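Enquirer: Sharing my_file08.txt (compact mmCIF, C-alpha atoms) below.
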# COMPACT_ATOMS: atom_id res chain seq x y z
CA GLY D 21 -18.95 7.09 8.27
CA ALA D 22 -18.05 3.67 7.00
CA GLY D 23 -14.84 4.75 5.33
CA VAL D 24 -12.56 7.71 4.75
CA SER D 25 -14.33 10.33 2.69
CA GLN D 26 -12.56 12.94 0.59
CA THR D 27 -14.20 15.88 -1.13
CA PRO D 28 -14.24 16.99 -3.81
CA SER D 29 -13.26 13.94 -5.86
CA ASN D 30 -12.03 16.21 -8.64
CA LYS D 31 -11.00 19.84 -8.58
CA VAL D 32 -9.86 21.99 -11.48
CA THR D 33 -8.47 25.37 -10.59
CA GLU D 34 -6.58 28.15 -12.27
CA LYS D 35 -2.94 28.82 -11.53
CA GLY D 36 -2.61 31.22 -8.62
CA LYS D 37 -5.93 30.32 -6.99
CA TYR D 38 -6.48 28.98 -3.47
CA VAL D 39 -7.94 25.51 -2.91
CA GLU D 40 -9.15 23.50 0.05
CA LEU D 41 -9.34 19.73 0.09
CA ARG D 42 -11.35 18.00 2.78
CA CYS D 43 -10.87 14.66 4.50
CA ASP D 44 -13.40 13.01 6.79
CA PRO D 45 -11.67 10.08 8.53
CA ILE D 46 -13.20 6.96 10.02
CA SER D 47 -14.94 7.81 13.29
CA GLY D 48 -12.68 7.26 16.26
CA HIS D 49 -9.44 7.17 14.28
CA THR D 50 -6.95 9.42 16.02
CA ALA D 51 -4.24 9.52 13.35
CA LEU D 52 -4.72 11.17 9.98
CA TYR D 53 -2.30 11.42 7.07
CA TRP D 54 -2.14 13.42 3.86
CA TYR D 55 -0.24 12.15 0.84
CA ARG D 56 0.27 13.41 -2.70
CA GLN D 57 0.59 11.03 -5.61
CA SER D 58 1.74 11.85 -9.11
CA LEU D 59 1.20 9.53 -12.06
CA GLY D 60 3.39 6.46 -11.87
CA GLN D 61 4.73 7.31 -8.43
CA GLY D 62 4.04 6.12 -4.93
CA PRO D 63 2.19 8.23 -2.37
CA GLU D 64 4.44 11.02 -1.13
CA PHE D 65 4.00 11.86 2.56
CA LEU D 66 2.90 15.42 3.32
CA ILE D 67 1.69 15.66 6.92
CA TYR D 68 0.54 13.49 9.83
CA PHE D 69 -1.86 14.45 12.62
CA GLN D 70 -2.24 12.73 15.96
CA GLY D 71 -5.45 14.20 17.33
CA THR D 72 -5.59 17.92 16.64
CA GLY D 73 -1.87 18.53 16.37
CA ALA D 74 0.46 18.02 13.44
CA ALA D 75 2.88 15.36 14.69
CA ASP D 76 5.00 15.52 11.55
CA ASP D 77 4.70 18.10 8.77
CA SER D 78 8.12 17.48 7.27
CA GLY D 79 6.63 16.43 3.94
CA LEU D 80 4.90 19.71 3.15
CA PRO D 81 6.80 20.98 0.09
CA ASN D 82 6.69 24.70 0.92
CA ASP D 83 4.76 27.32 2.84
CA ARG D 84 1.98 27.40 0.26
CA PHE D 85 0.74 24.15 1.76
CA PHE D 86 -1.02 24.06 5.12
CA ALA D 87 -3.30 21.58 6.86
CA VAL D 88 -5.54 21.76 9.90
CA ARG D 89 -7.53 19.36 12.01
CA PRO D 90 -9.16 21.66 14.59
CA GLU D 91 -11.39 19.15 16.38
CA GLY D 92 -9.34 16.02 15.86
CA SER D 93 -11.65 14.65 13.20
CA VAL D 94 -12.13 16.35 9.80
CA SER D 95 -8.98 17.74 8.22
CA THR D 96 -8.53 20.34 5.50
CA LEU D 97 -5.48 20.62 3.27
CA LYS D 98 -5.06 24.16 2.01
CA ILE D 99 -2.96 25.17 -0.97
CA GLN D 100 -2.33 28.84 -1.68
CA ARG D 101 -1.24 30.35 -5.00
CA THR D 102 -1.55 27.02 -6.78
CA GLU D 103 1.00 26.10 -9.43
CA ARG D 104 0.72 23.62 -12.31
CA GLY D 105 3.21 21.39 -10.49
CA ASP D 106 0.69 20.96 -7.68
CA SER D 107 -1.47 18.87 -9.99
CA ALA D 108 -1.73 15.38 -8.49
CA VAL D 109 -4.05 13.08 -6.59
CA TYR D 110 -4.18 14.05 -2.92
CA LEU D 111 -4.85 11.08 -0.67
CA CYS D 112 -5.97 11.04 2.92
CA ALA D 113 -5.69 8.09 5.29
CA SER D 114 -6.62 7.43 8.89
CA THR D 115 -5.58 4.86 11.48
CA LYS D 116 -6.64 3.94 14.97
CA GLY D 117 -3.23 5.15 16.09
CA GLY D 118 -1.19 3.88 18.99
CA GLY D 119 0.90 1.25 17.29
CA ALA D 120 1.10 -1.03 14.31
CA THR D 121 -2.21 -0.62 12.57
CA GLU D 122 -3.35 -0.52 8.99
CA ALA D 123 -4.16 2.72 7.27
CA PHE D 124 -7.53 3.23 5.61
CA PHE D 125 -7.42 5.44 2.55
CA GLY D 126 -9.99 7.65 0.91
CA GLN D 127 -10.46 7.67 -2.85
CA GLY D 128 -8.47 10.85 -3.20
CA THR D 129 -8.99 14.27 -4.71
CA ARG D 130 -7.60 14.73 -8.20
CA LEU D 131 -6.36 18.31 -8.38
CA THR D 132 -5.66 19.83 -11.76
CA VAL D 133 -4.13 23.28 -11.97
CA VAL D 134 -4.52 24.87 -15.39
CA SER G 10 10.31 11.50 0.80
CA GLN G 11 10.15 7.82 -0.15
CA GLN G 12 12.04 5.18 1.74
CA GLY G 13 10.96 1.95 0.15
CA GLU G 14 11.96 0.85 -3.32
CA GLU G 15 10.04 -1.90 -4.99
CA ASP G 16 11.51 -4.21 -7.55
CA PRO G 17 10.60 -4.87 -10.31
CA GLN G 18 8.85 -1.66 -11.39
CA ALA G 19 6.58 -3.70 -13.65
CA LEU G 20 5.69 -7.37 -13.84
CA SER G 21 3.58 -9.22 -16.42
CA ILE G 22 2.49 -12.81 -15.84
CA GLN G 23 -0.15 -15.30 -16.89
CA GLU G 24 -3.07 -16.32 -14.72
CA GLY G 25 -2.13 -19.15 -12.41
CA GLU G 26 1.51 -18.11 -12.13
CA ASN G 27 3.06 -16.73 -8.96
CA ALA G 28 4.11 -13.09 -8.67
CA THR G 29 6.96 -11.95 -6.46
CA MET G 30 7.66 -8.33 -5.61
CA ASN G 31 10.52 -7.05 -3.51
CA CYS G 32 10.92 -4.01 -1.34
CA SER G 33 14.10 -2.52 0.09
CA TYR G 34 14.22 0.24 2.68
CA LYS G 35 16.84 2.32 4.40
CA THR G 36 16.14 2.89 8.10
CA SER G 37 15.04 0.80 11.07
CA ILE G 38 11.33 0.11 11.15
CA ASN G 39 8.59 -0.98 13.56
CA ASN G 40 6.64 -2.76 10.87
CA LEU G 41 6.26 -3.01 7.10
CA GLN G 42 2.97 -3.05 5.26
CA TRP G 43 1.89 -3.88 1.72
CA TYR G 44 -0.90 -2.05 -0.06
CA ARG G 45 -2.66 -2.47 -3.36
CA GLN G 46 -4.00 0.29 -5.60
CA ASN G 47 -6.36 0.06 -8.52
CA SER G 48 -6.72 2.83 -11.09
CA GLY G 49 -4.53 5.32 -9.24
CA ARG G 50 -7.02 6.10 -6.49
CA GLY G 51 -7.45 4.75 -2.93
CA LEU G 52 -5.03 2.20 -1.52
CA VAL G 53 -6.15 -0.97 0.20
CA HIS G 54 -4.19 -2.58 3.00
CA LEU G 55 -3.11 -6.16 2.30
CA ILE G 56 -0.86 -7.31 5.10
CA LEU G 57 1.33 -6.03 7.95
CA ILE G 58 4.48 -7.70 9.22
CA ARG G 59 6.15 -6.56 12.42
CA SER G 60 9.89 -6.09 12.74
CA ASN G 61 10.20 -9.19 14.95
CA GLU G 62 8.40 -11.41 12.45
CA ARG G 63 10.06 -13.14 9.51
CA GLU G 64 7.12 -14.47 7.52
CA LYS G 65 3.38 -13.98 7.40
CA HIS G 66 0.57 -15.48 5.33
CA SER G 67 -2.86 -14.23 4.38
CA GLY G 68 -4.82 -16.25 1.85
CA ARG G 69 -2.79 -16.30 -1.37
CA LEU G 70 -0.34 -13.73 0.01
CA ARG G 71 2.96 -14.51 1.64
CA VAL G 72 5.20 -11.79 3.01
CA THR G 73 8.75 -12.16 4.27
CA LEU G 74 10.86 -9.64 6.14
CA ASP G 75 14.62 -9.63 6.54
CA THR G 76 15.57 -6.75 8.84
CA SER G 77 19.29 -7.48 8.50
CA LYS G 78 19.04 -6.85 4.76
CA LYS G 79 16.31 -4.24 5.15
CA SER G 80 14.16 -6.00 2.60
CA SER G 81 10.77 -7.60 2.23
CA SER G 82 9.04 -9.64 -0.43
CA LEU G 83 5.41 -10.13 -1.34
CA LEU G 84 4.41 -13.35 -3.06
CA ILE G 85 1.00 -13.75 -4.67
CA THR G 86 0.32 -17.36 -5.51
CA ALA G 87 -1.96 -18.65 -8.27
CA SER G 88 -2.52 -15.15 -9.62
CA ARG G 89 -5.79 -14.05 -11.18
CA ALA G 90 -6.65 -11.33 -13.67
CA ALA G 91 -8.28 -9.46 -10.78
CA ASP G 92 -4.85 -9.19 -9.10
CA THR G 93 -3.84 -6.67 -11.78
CA ALA G 94 -2.97 -3.52 -9.82
CA SER G 95 -0.09 -1.54 -8.38
CA TYR G 96 1.47 -2.84 -5.19
CA PHE G 97 3.31 -0.68 -2.67
CA CYS G 98 5.34 -1.41 0.42
CA ALA G 99 5.12 1.08 3.27
CA THR G 100 7.46 1.33 6.22
CA ASP G 101 6.42 2.45 9.68
CA ALA G 102 9.28 3.88 11.72
CA GLY G 103 7.05 5.35 14.41
CA THR G 104 5.55 8.37 12.71
CA ALA G 105 4.24 8.46 9.18
CA LEU G 106 3.90 5.53 6.80
CA ILE G 107 6.43 6.03 4.02
CA PHE G 108 5.65 4.43 0.68
CA GLY G 109 7.84 3.14 -2.13
CA LYS G 110 7.27 3.77 -5.82
CA GLY G 111 5.41 0.53 -6.37
CA THR G 112 5.32 -2.47 -8.66
CA THR G 113 2.73 -2.56 -11.42
CA LEU G 114 1.44 -6.10 -11.82
CA SER G 115 -0.41 -7.18 -14.94
CA VAL G 116 -2.03 -10.62 -14.97
CA SER G 117 -3.36 -11.80 -18.29
CA SER G 118 -5.87 -14.57 -18.78
Would it be possible to restate this file's structure as structure tokens?

Expert:
Amino acid sequence: GAGVSQTPSNKVTEKGKYVELRCDPISGHTALYWYRQSLGQGPEFLIYFQGTGAADDSGLPNDRFFAVRPEGSVSTLKIQRTERGDSAVYLCASTKGGGATEAFFGQGTRLTVV
Amino acid sequence: SQQGEEDPQALSIQEGENATMNCSYKTSINNLQWYRQNSGRGLVHLILIRSNEREKHSGRLRVTLDTSKKSSSLLITASRAADTASYFCATDAGTALIFGKGTTLSVSS
């Protein structure tokens, strides 16, 4: 596609439920990033993929969070047993990879846990 | 984790004035980037400066980088109401881009 696409744009879920957030990066971009942003804060790094593998998952807050990118394109961020503190905007970005390049961001998924 | 810290947290100016935002970071970097965000959703890349560069221009934007002080500044000249947004610096140390907390710029006409 022309840009990074994230679905859904908004998600409301009940505490304790499981959610999946999807990111479709720009075609041909090898690197993909997930960030979480709370109101008034900067994007907080969660995980970075280079191709199919997670190159750096040090930002995942706990084992309730997991992300996959099985074919090196679309990625899914999975959150188990959601908590109210998980409410935030989840941003995805992709880059061409291989050096100093700009990141292209999707519009984010606003997750609200009630 | 967040490496960069922008200063000031908020800035209010009149149209036509210049806006300067600063960013400090902690570790060695390959490059530093500035992004803009409207309405808390997707970020848009503005400019990238490599660690061996000291200054870079793009239109009304001027970025400086001082690796000895681990700091960068973003200058927006002749600001417009449409420049109202949040601005973030992001450092690239070879893996993930790490963002600061941002500066909220408000330009009034």

Enquirer: Please, which residues are within 10 Å of (-0.3, -13.7, -19.9) by the file's coordinates, counting all atoms listed in the file, and could they come as a list in words?

Expert: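 Residues lying no farther than 10 Å from the given point: Ser21, Ile22, Gln23, Glu24, Gly25, Glu26, Ala90, Ser115, Val116, Ser117 and Ser118 of chain G.
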
Enquirer: With the cut-off set at 10 Å and counting all atoms listed in the file, tabulate each residue of chain D with an atom at most that distance from an atom of chain G, showing the nearest atom pair and its distance in Å to one decimal, ordered by chain and increasing number, as JSON lines.

Expert:
{"residue": "D:Val24", "atom": "CA", "partner": "G:Gly51", "partner_atom": "CA", "distance": 9.7}
{"residue": "D:Ala51", "atom": "CA", "partner": "G:Ala105", "partner_atom": "CA", "distance": 9.5}
{"residue": "D:Leu52", "atom": "CA", "partner": "G:Ala105", "partner_atom": "CA", "distance": 9.4}
{"residue": "D:Tyr53", "atom": "CA", "partner": "G:Ala105", "partner_atom": "CA", "distance": 7.5}
{"residue": "D:Trp54", "atom": "CA", "partner": "G:Ala105", "partner_atom": "CA", "distance": 9.7}
{"residue": "D:Tyr55", "atom": "CA", "partner": "G:Ile107", "partner_atom": "CA", "distance": 9.6}
{"residue": "D:Gln57", "atom": "CA", "partner": "G:Gly49", "partner_atom": "CA", "distance": 8.5}
{"residue": "D:Ser58", "atom": "CA", "partner": "G:Gly49", "partner_atom": "CA", "distance": 9.1}
{"residue": "D:Leu59", "atom": "CA", "partner": "G:Gly49", "partner_atom": "CA", "distance": 7.6}
{"residue": "D:Gly60", "atom": "CA", "partner": "G:Lys110", "partner_atom": "CA", "distance": 7.7}
{"residue": "D:Gln61", "atom": "CA", "partner": "G:Lys110", "partner_atom": "CA", "distance": 5.1}
{"residue": "D:Gly62", "atom": "CA", "partner": "G:Lys110", "partner_atom": "CA", "distance": 4.1}
{"residue": "D:Pro63", "atom": "CA", "partner": "G:Phe108", "partner_atom": "CA", "distance": 6.0}
{"residue": "D:Glu64", "atom": "CA", "partner": "G:Ser10", "partner_atom": "CA", "distance": 6.2}
{"residue": "D:Phe65", "atom": "CA", "partner": "G:Ile107", "partner_atom": "CA", "distance": 6.5}
{"residue": "D:Leu66", "atom": "CA", "partner": "G:Ser10", "partner_atom": "CA", "distance": 8.8}
{"residue": "D:Ile67", "atom": "CA", "partner": "G:Ala105", "partner_atom": "CA", "distance": 8.0}
{"residue": "D:Tyr68", "atom": "CA", "partner": "G:Ala105", "partner_atom": "CA", "distance": 6.3}
{"residue": "D:Phe69", "atom": "CA", "partner": "G:Ala105", "partner_atom": "CA", "distance": 9.2}
{"residue": "D:Gln70", "atom": "CA", "partner": "G:Thr104", "partner_atom": "CA", "distance": 9.5}
{"residue": "D:Ala75", "atom": "CA", "partner": "G:Thr104", "partner_atom": "CA", "distance": 7.7}
{"residue": "D:Asp76", "atom": "CA", "partner": "G:Thr104", "partner_atom": "CA", "distance": 7.3}
{"residue": "D:Asp77", "atom": "CA", "partner": "G:Ala105", "partner_atom": "CA", "distance": 9.7}
{"residue": "D:Ser78", "atom": "CA", "partner": "G:Ser10", "partner_atom": "CA", "distance": 9.1}
{"residue": "D:Gly79", "atom": "CA", "partner": "G:Ser10", "partner_atom": "CA", "distance": 6.9}
{"residue": "D:Val109", "atom": "CA", "partner": "G:Arg50", "partner_atom": "CA", "distance": 7.6}
{"residue": "D:Tyr110", "atom": "CA", "partner": "G:Arg50", "partner_atom": "CA", "distance": 9.2}
{"residue": "D:Leu111", "atom": "CA", "partner": "G:Gly51", "partner_atom": "CA", "distance": 7.2}
{"residue": "D:Cys112", "atom": "CA", "partner": "G:Gly51", "partner_atom": "CA", "distance": 8.7}
{"residue": "D:Ala113", "atom": "CA", "partner": "G:Leu52", "partner_atom": "CA", "distance": 9.0}
{"residue": "D:Gly117", "atom": "CA", "partner": "G:Thr104", "partner_atom": "CA", "distance": 9.9}
{"residue": "D:Gly118", "atom": "CA", "partner": "G:Gly103", "partner_atom": "CA", "distance": 9.5}
{"residue": "D:Gly119", "atom": "CA", "partner": "G:Gly103", "partner_atom": "CA", "distance": 7.9}
{"residue": "D:Ala120", "atom": "CA", "partner": "G:Asn40", "partner_atom": "CA", "distance": 6.7}
{"residue": "D:Thr121", "atom": "CA", "partner": "G:Leu57", "partner_atom": "CA", "distance": 7.9}
{"residue": "D:Glu122", "atom": "CA", "partner": "G:His54", "partner_atom": "CA", "distance": 6.4}
{"residue": "D:Ala123", "atom": "CA", "partner": "G:His54", "partner_atom": "CA", "distance": 6.8}
{"residue": "D:Phe124", "atom": "CA", "partner": "G:Val53", "partner_atom": "CA", "distance": 7.0}
{"residue": "D:Phe125", "atom": "CA", "partner": "G:Gly51", "partner_atom": "CA", "distance": 5.5}
{"residue": "D:Gly126", "atom": "CA", "partner": "G:Gly51", "partner_atom": "CA", "distance": 5.4}
{"residue": "D:Gln127", "atom": "CA", "partner": "G:Gly51", "partner_atom": "CA", "distance": 4.2}
{"residue": "D:Gly128", "atom": "CA", "partner": "G:Arg50", "partner_atom": "CA", "distance": 6.0}
{"residue": "D:Thr129", "atom": "CA", "partner": "G:Arg50", "partner_atom": "CA", "distance": 8.6}
{"residue": "D:Arg130", "atom": "CA", "partner": "G:Arg50", "partner_atom": "CA", "distance": 8.8}

Enquirer: Just give me the gap between CA of Thr33 (chain D) and CA of Arg56 (chain D) in Å, one decimal is fine.

Expert: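 Interatomic distance, CA of Thr33 (chain D) to CA of Arg56 (chain D): 16.8 Å.
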
Enquirer: Could you pull the residues within 8 Å of Pro90 (chain D), counting all atoms listed in the file, minus those fewer than 4 positions along the same chain, as a list of chain:residue names?

Expert: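 Non-adjacent residues within range: D:Thr72, D:Val94, D:Ser95.
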
Enquirer: Nearest residue to Asp75 (chain G) out of G:Ala87, G:Ala94, G:Cys32, G:Leu114, using all atoms listed in the file?

Expert: G:Cys32

Enquirer: What is the CA of Asp44 (chain D)-CA of Val133 (chain D) distance in Å, reported with one decimal?

Expert: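 Separating CA of Asp44 (chain D) from CA of Val133 (chain D) is a distance of 23.3 Å.
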
Enquirer: Please measure the separation of CA of Thr96 (chain D) and CA of Glu40 (chain D), giving the value in Å to one decimal.

Expert: 6.3 Å

Enquirer: Residues near Ser93 (chain D), anyone? I mean within 8 Å using only C-alpha atoms, not counting same-chain ones fewer than 4 positions away, as a list in words.

Expert: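 After dropping sequence-adjacent residues, the list is Asp44, Pro45, Ser47, His49, Thr50, Gly71, Thr72 and Arg89 of chain D.
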
Enquirer: Around the point (9.5, -5.6, -8.7), in the coordinates given by the file, pick out the residues reaching within 6 Å, counting all atoms listed in the file, and return them as a ChimeraX atom specification.

Expert: /G:15-18,30-31,112

Enquirer: Let me have the centre and edge lengths in Å, one decimal, of the box along x, y and z around every listed atom of region 26-37 of chain D with 8 Å of margin on each side, as JSON.

Expert:
{"center_x": -8.4, "center_y": 22.1, "center_z": -5.8, "size_x": 27.6, "size_y": 34.3, "size_z": 28.9}

Enquirer: For Thr86 (chain G), find every residue with an atom within 9 Å (counting only C-alpha atoms), except residues of its own chain fewer than 2 positions away, and show them as a list in words.

Expert: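 My list of contacting residues is Gly25, Glu26, Asn27, Ala28, Thr29, Arg69, Leu70, Arg71, Leu84, Ser88 and Arg89 of chain G.
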
Enquirer: Ranking D:Ala22, D:Leu80, D:Val134, D:Ala74 by minimum distance to Lys37 (chain D) and counting all atoms listed in the file, which one comes first?

Expert: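 Checking each of D:Ala22, D:Leu80, D:Val134, D:Ala74 against Lys37 (chain D), counting all atoms listed in the file, the winner is D:Val134.
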
Enquirer: Between G:Leu83, G:Asn61, G:His66, G:Thr93, single out the one closest to Ile38 (chain G), counting all atoms listed in the file.

Expert: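 Of G:Leu83, G:Asn61, G:His66, G:Thr93, the one nearest Ile38 (chain G) is G:Asn61, counting all atoms listed in the file.
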